[in-house]
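File shown: upload18.cif. Contents: mmCIF, C-alpha atoms and all ligand atoms.
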data_final
#
loop_
_atom_site.label_atom_id
_atom_site.label_comp_id
_atom_site.auth_asym_id
_atom_site.auth_seq_id
_atom_site.Cartn_x
_atom_site.Cartn_y
_atom_site.Cartn_z
CA MET A 104 0.00 0.00 0.00
CA SER A 105 1.35 3.46 -0.85
CA ASP A 106 2.13 5.89 1.97
CA PHE A 107 -0.66 8.06 0.60
CA MET A 108 -3.25 5.26 0.90
CA LYS A 109 -1.93 4.42 4.37
CA ALA A 110 -2.70 8.02 5.34
CA MET A 111 -6.19 7.80 3.82
CA ASN A 112 -6.86 4.69 5.91
CA PHE A 113 -5.34 6.24 9.05
CA ARG A 114 -7.70 9.21 8.89
CA HIS A 115 -10.99 8.86 10.66
CA ALA A 116 -13.36 11.19 12.45
CA CYS A 117 -11.58 11.29 15.80
CA LYS A 118 -14.11 11.78 18.60
CA LEU A 119 -11.72 12.29 21.52
CA PHE A 120 -8.18 13.64 21.53
CA ASP A 121 -5.41 13.17 24.09
CA GLU A 122 -5.38 16.56 25.84
CA LYS A 123 -1.77 16.11 26.92
CA LYS A 124 -0.42 15.66 23.38
CA LYS A 125 0.23 18.85 21.43
CA ILE A 126 1.12 19.00 17.74
CA PRO A 127 4.72 20.19 17.28
CA VAL A 128 5.07 23.56 15.52
CA PRO A 129 6.83 22.26 12.35
CA VAL A 130 4.18 19.56 11.91
CA PHE A 131 1.31 22.02 12.25
CA ASP A 132 3.09 24.45 9.91
CA GLU A 133 3.07 21.77 7.23
CA ILE A 134 -0.64 21.16 7.75
CA LEU A 135 -1.30 24.89 7.35
CA GLU A 136 0.81 24.95 4.19
CA ALA A 137 -1.41 22.23 2.72
CA GLY A 138 -4.35 24.59 3.27
CA ARG A 139 -2.58 27.67 1.98
CA LEU A 140 -1.38 25.92 -1.20
CA SER A 141 -4.83 24.58 -2.02
CA PRO A 142 -6.50 25.46 -5.28
CA SER A 143 -9.47 27.83 -5.38
CA SER A 144 -11.84 29.05 -8.04
CA PHE A 145 -10.24 31.96 -9.96
CA GLY A 146 -7.39 31.73 -7.44
CA THR A 147 -9.35 33.82 -4.97
CA GLU A 148 -8.25 31.99 -1.78
CA PRO A 149 -11.42 33.17 -0.04
CA TRP A 150 -10.44 31.73 3.32
CA HIS A 151 -8.80 32.58 6.60
CA PHE A 152 -7.55 29.91 8.99
CA LEU A 153 -8.19 30.93 12.59
CA VAL A 154 -6.02 28.63 14.70
CA ILE A 155 -7.10 28.31 18.31
CA THR A 156 -4.79 26.74 20.85
CA SER A 157 -6.03 28.66 23.90
CA ASN A 158 -7.92 26.38 26.31
CA GLU A 159 -10.09 29.29 27.46
CA VAL A 160 -11.20 30.10 23.93
CA LYS A 161 -11.85 26.44 23.09
CA ALA A 162 -14.00 26.13 26.23
CA ALA A 163 -15.93 29.26 25.26
CA LEU A 164 -16.67 27.83 21.79
CA ARG A 165 -17.56 24.27 22.78
CA PRO A 166 -21.19 24.81 23.89
CA ALA A 167 -22.05 26.25 20.46
CA CYS A 168 -20.48 23.17 18.81
CA TRP A 169 -23.06 20.73 20.16
CA ASN A 170 -20.81 20.52 23.23
CA GLN A 171 -18.59 18.06 21.37
CA PRO A 172 -15.51 16.93 23.37
CA GLN A 173 -13.29 17.26 20.29
CA ILE A 174 -13.33 21.05 20.71
CA THR A 175 -11.67 21.13 24.12
CA THR A 176 -9.53 17.99 23.87
CA CYS A 177 -7.86 18.77 20.55
CA SER A 178 -4.44 20.36 20.26
CA HIS A 179 -5.39 22.90 17.55
CA PHE A 180 -8.95 23.94 16.72
CA VAL A 181 -9.06 25.56 13.29
CA MET A 182 -12.02 27.67 12.27
CA LEU A 183 -12.26 27.98 8.51
CA LEU A 184 -13.51 31.49 7.97
CA VAL A 185 -14.84 32.59 4.59
CA ARG A 186 -14.86 36.03 3.02
CA LYS A 187 -18.30 37.58 2.77
CA PRO A 188 -19.79 38.58 -0.62
CA GLN A 189 -18.75 42.26 -0.37
CA ASP A 190 -15.17 41.21 -1.17
CA PHE A 191 -16.31 39.70 -4.47
CA GLU A 192 -18.03 42.81 -5.74
CA PHE A 193 -16.60 44.33 -8.90
CA GLY A 194 -13.74 46.71 -8.09
CA SER A 195 -13.33 45.64 -4.45
CA ALA A 196 -9.88 46.15 -2.91
CA PHE A 197 -9.66 42.40 -2.27
CA LEU A 198 -10.37 41.45 -5.89
CA ASN A 199 -7.91 44.04 -7.16
CA GLU A 200 -5.22 42.71 -4.85
CA THR A 201 -6.05 39.12 -5.82
CA PHE A 202 -6.02 39.62 -9.57
CA THR A 203 -3.17 42.15 -9.76
CA ARG A 204 -0.86 39.30 -8.75
CA ARG A 205 -1.43 37.55 -12.07
CA ALA A 206 -2.49 40.42 -14.34
CA ASN A 207 0.50 42.67 -14.89
CA THR A 208 -1.17 45.25 -17.18
CA PRO A 209 -4.35 47.33 -16.73
CA ASP A 210 -5.88 45.57 -19.76
CA LYS A 211 -5.25 42.11 -18.29
CA LEU A 212 -6.60 43.25 -14.91
CA SER A 213 -9.73 44.62 -16.48
CA ALA A 214 -10.21 41.41 -18.51
CA ILE A 215 -9.88 39.08 -15.52
CA CYS A 216 -12.09 41.30 -13.32
CA GLY A 217 -14.74 41.30 -16.06
CA ALA A 218 -14.53 37.54 -16.54
CA PHE A 219 -14.82 36.98 -12.79
CA ASP A 220 -17.77 39.33 -12.46
CA ASN A 221 -19.51 37.57 -15.31
CA PHE A 222 -18.83 34.22 -13.66
CA ILE A 223 -20.15 35.37 -10.30
CA ARG A 224 -23.30 36.81 -11.81
CA SER A 225 -24.02 33.86 -14.09
CA ASP A 226 -26.98 31.60 -13.45
CA LEU A 227 -24.63 28.83 -12.40
CA LYS A 228 -23.28 30.66 -9.36
CA PRO A 229 -26.11 32.71 -7.88
CA ASP A 230 -24.96 32.26 -4.31
CA VAL A 231 -21.54 33.89 -3.89
CA LEU A 232 -21.22 33.04 -0.20
CA ASN A 233 -21.96 29.39 -0.84
CA TRP A 234 -19.48 29.35 -3.74
CA ALA A 235 -16.80 30.86 -1.46
CA LYS A 236 -17.58 28.37 1.31
CA MET A 237 -17.12 25.48 -1.12
CA GLN A 238 -13.54 26.63 -1.67
CA THR A 239 -12.84 26.32 2.05
CA TYR A 240 -13.76 22.63 1.89
CA ILE A 241 -10.95 22.04 -0.60
CA ALA A 242 -8.41 23.71 1.70
CA GLY A 243 -9.76 21.96 4.79
CA GLY A 244 -9.85 18.57 3.04
CA ASN A 245 -6.23 18.99 2.05
CA MET A 246 -5.32 19.95 5.61
CA MET A 247 -7.03 16.82 6.95
CA THR A 248 -5.24 14.59 4.45
CA ALA A 249 -1.90 16.27 5.16
CA ALA A 250 -2.51 15.77 8.88
CA ALA A 251 -3.18 12.06 8.37
CA PHE A 252 0.02 11.77 6.33
CA LEU A 253 1.88 13.31 9.27
CA GLY A 254 0.23 11.00 11.84
CA VAL A 255 -2.10 13.69 13.19
CA ASP A 256 -5.77 12.93 13.81
CA THR A 257 -8.63 15.21 12.85
CA CYS A 258 -12.35 15.68 13.11
CA ALA A 259 -14.28 17.97 10.79
CA ILE A 260 -16.81 19.95 12.83
CA GLU A 261 -19.93 21.07 11.06
CA GLY A 262 -21.99 20.25 14.11
CA PHE A 263 -22.42 23.77 15.42
CA ASN A 264 -25.07 26.43 15.72
CA PHE A 265 -23.98 29.21 13.40
CA ASN A 266 -25.41 32.13 15.38
CA ALA A 267 -24.30 30.80 18.76
CA LEU A 268 -20.77 30.06 17.53
CA THR A 269 -20.49 33.46 15.86
CA ASP A 270 -21.55 35.14 19.11
CA ALA A 271 -19.16 33.02 21.16
CA LEU A 272 -16.29 33.79 18.79
CA ALA A 273 -17.05 37.52 18.84
CA ARG A 274 -16.96 37.50 22.64
CA ALA A 275 -13.89 35.27 23.01
CA VAL A 276 -11.81 36.75 20.17
CA PRO A 277 -13.02 40.32 19.57
CA SER A 278 -10.16 40.97 17.13
CA VAL A 279 -11.73 38.72 14.47
CA ASP A 280 -13.32 40.87 11.77
CA LEU A 281 -16.79 39.38 11.50
CA THR A 282 -17.91 42.14 9.17
CA ARG A 283 -15.52 40.73 6.56
CA TYR A 284 -15.53 37.00 7.43
CA GLU A 285 -18.00 34.41 8.65
CA ILE A 286 -17.57 30.87 9.93
CA ALA A 287 -17.72 28.20 7.22
CA TRP A 288 -16.78 25.10 9.25
CA ASN A 289 -14.10 23.88 11.64
CA ILE A 290 -11.51 21.14 12.07
CA ALA A 291 -10.11 19.77 15.32
CA PHE A 292 -6.51 18.48 15.12
CA GLY A 293 -4.70 16.34 17.70
CA TYR A 294 -3.90 12.78 18.69
CA ARG A 295 -6.44 10.01 19.23
CA VAL A 296 -7.22 8.40 22.58
CA ASN A 297 -9.30 5.52 21.23
CA GLU A 298 -8.86 3.20 18.30
CA GLN A 299 -10.54 4.02 15.03
CA GLN A 300 -14.24 3.12 14.90
CA PRO A 301 -15.51 0.86 12.06
CA ARG A 302 -15.51 2.57 8.67
CA TYR A 303 -18.57 2.43 6.44
CA ARG A 304 -18.17 3.10 2.74
CA PHE A 305 -20.30 2.15 -0.23
CA PRO A 306 -18.55 -0.21 -2.64
CA ARG A 307 -16.60 1.41 -5.45
CA GLU A 308 -19.10 0.18 -8.11
CA LYS A 309 -21.93 2.06 -6.35
CA VAL A 310 -20.15 5.39 -6.29
CA THR A 311 -18.19 5.18 -9.54
CA THR A 312 -19.13 4.97 -13.21
CA PHE A 313 -16.65 4.51 -16.02
CA ILE A 314 -17.88 5.36 -19.50
C1 LIG B 1 -17.85 18.52 6.58
C2 LIG B 1 -17.91 17.50 7.68
C3 LIG B 1 -18.45 17.83 8.90
C4 LIG B 1 -18.45 16.93 9.96
N1 LIG B 1 -18.90 17.31 11.21
C5 LIG B 1 -18.77 16.45 12.24
C6 LIG B 1 -19.07 16.86 13.57
O1 LIG B 1 -19.49 17.99 13.83
N2 LIG B 1 -18.87 15.97 14.57
C7 LIG B 1 -18.39 14.70 14.35
O2 LIG B 1 -18.22 13.95 15.30
N3 LIG B 1 -18.10 14.28 13.10
C8 LIG B 1 -18.26 15.13 12.05
N4 LIG B 1 -17.92 14.71 10.78
C9 LIG B 1 -17.38 13.37 10.59
C10 LIG B 1 -18.26 12.44 9.77
O3 LIG B 1 -19.37 12.03 10.50
C11 LIG B 1 -17.38 11.27 9.31
O4 LIG B 1 -16.37 11.75 8.49
C12 LIG B 1 -18.15 10.17 8.58
O5 LIG B 1 -19.11 9.58 9.42
C13 LIG B 1 -17.22 9.09 8.05
O6 LIG B 1 -16.42 8.54 9.08
P1 LIG B 1 -14.82 8.58 9.02
O7 LIG B 1 -14.43 10.01 8.77
O8 LIG B 1 -14.38 8.10 10.36
O9 LIG B 1 -14.37 7.70 7.90
C14 LIG B 1 -17.94 15.63 9.74
C15 LIG B 1 -17.40 15.29 8.48
C16 LIG B 1 -17.37 16.22 7.49
C17 LIG B 1 -16.73 15.85 6.16
#
Rewritten as structure tokens:
Amino acid sequence: MSDFMKAMNFRHACKLFDEKKKIPVPVFDEILEAGRLSPSSFGTEPWHFLVITSNEVKAALRPACWNQPQITTCSHFVMLLVRKPQDFEFGSAFLNETFTRRANTPDKLSAICGAFDNFIRSDLKPDVLNWAKMQTYIAGGNMMTAAAFLGVDTCAIEGFNFNALTDALARAVPSVDLTRYEIAWNIAFGYRVNEQQPRYRFPREKVTTFI
């Protein structure tokens, strides 16, 4: 089995982490790099990774996350924040900064901004926030796979009340700009206490079609 497939089999939704085991800085840096290097539609990187290691902050967030023990037992709790639609409006400072990196003339900048605006306004992508959130799942998925490759356990956390978690975050970390970002989803990172629970997957023939 390849090292990559070993990592895919190692990963599971870890329900309880060993509170005493912390992820070393270089290991977590690599996990973050996997997120930062992830692809995104139009290269917009519409995410921000809020990394929480403070026990007080984790405890403040846990009740809004269905009181799940992963939140307070993990080593690093990462909130995947997503940029709100205002940043994707034509001519926004964020879009200009984003596209100027690859468009080195005013004509190229204007062309890519126009193409993006057309894309955003097309019938296929009516919900800009949802489109931006989908990008965060690519980055988070890569971070989870990278973690597994490095022997770090994870649990994706979508089990939360959006309003309650937003309020708790605003109170616990007032420096987060919630006018610009909102919570997409979260991932707990750490080291397992218990063995992996049984894995259920449909057979390959059910979920795959070759033509
Ligand atoms: C986006 C997403 C959100 C999830 N949210 C939670 C959660 O809040 N709590 C939890 O215990 N598991 C959560 N899970 C874990 C899934 O239940 C789990 O991945 C699935 O049952 C398959 O099990 P496995 O990951 O162990 O293979 C989430 C998974 C994903 C992909």
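Counting only C-alpha atoms and all ligand atoms and comparing A:Leu135, A:Val185, A:Ala275, A:Met237, the residue that lies closest to ligand LIG 1 (chain B) is A:Met237.
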Cut-off 7 Å around (-14.7, 41.7, -11.5) with only C-alpha atoms: residues as number ranges by chain: A: 192-194, 215-220
Residue nearest ligand LIG 1 (chain B) among A:Ile155, A:Leu212, A:Ala242, A:Ala137 (counting all atoms listed in the file): A:Ala242
Write out as JSON lines a residue-level contact list of range 120-189 of chain A versus range 257-266 of chain A with cut-off 7 Å: for each qualifying residue the closest pair of atoms and the distance in Å to one decimal, counting only C-alpha atoms, rows sorted by chain and residue number upward.
{"residue": "A:Ala167", "atom": "CA", "partner": "A:Asn264", "partner_atom": "CA", "distance": 5.6}
{"residue": "A:Cys168", "atom": "CA", "partner": "A:Phe263", "partner_atom": "CA", "distance": 4.0}
{"residue": "A:Trp169", "atom": "CA", "partner": "A:Phe263", "partner_atom": "CA", "distance": 5.7}
Env. residues ligand LIG 1 (chain B) / 10 Å / all atoms listed in the file / as an MDAnalysis selection string: chainID A and resid 111:119 168:174 240 243:244 247 257:263 287:291 299:304
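When CA of Phe202 in chain A is paired with CA of Ala214 in chain A, their separation reads 10.0 Å.
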Proximity to Thr176 in chain A - best of A:Asn158, A:Thr239, A:Asn245, A:Thr312, only C-alpha atoms: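 Distance minimum relative to Thr176 in chain A lands on A:Asn158.
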Pick from A:Thr203, A:Tyr284, A:Ala249, A:Ile314, whichever lies nearest to Ser141 in chain A using only C-alpha atoms: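 Counting only C-alpha atoms, the residue closest to Ser141 in chain A is A:Ala249.
With distances restricted to all atoms listed in the file, A:Ala250 is the closest residue to Pro129 in chain A from A:Ala250, A:Ile241, A:Ala196, A:Ile223.
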Two-atom distance - CA of Glu136 in chain A, CA of Glu148 in chain A (Å): 12.9 Å
Of the listed residues A:Trp150, A:Lys125, A:Val310, A:Ala251, that which approaches Met182 in chain A most closely, counting only C-alpha atoms: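 That would be A:Trp150, the residue with the smallest distance to Met182 in chain A.
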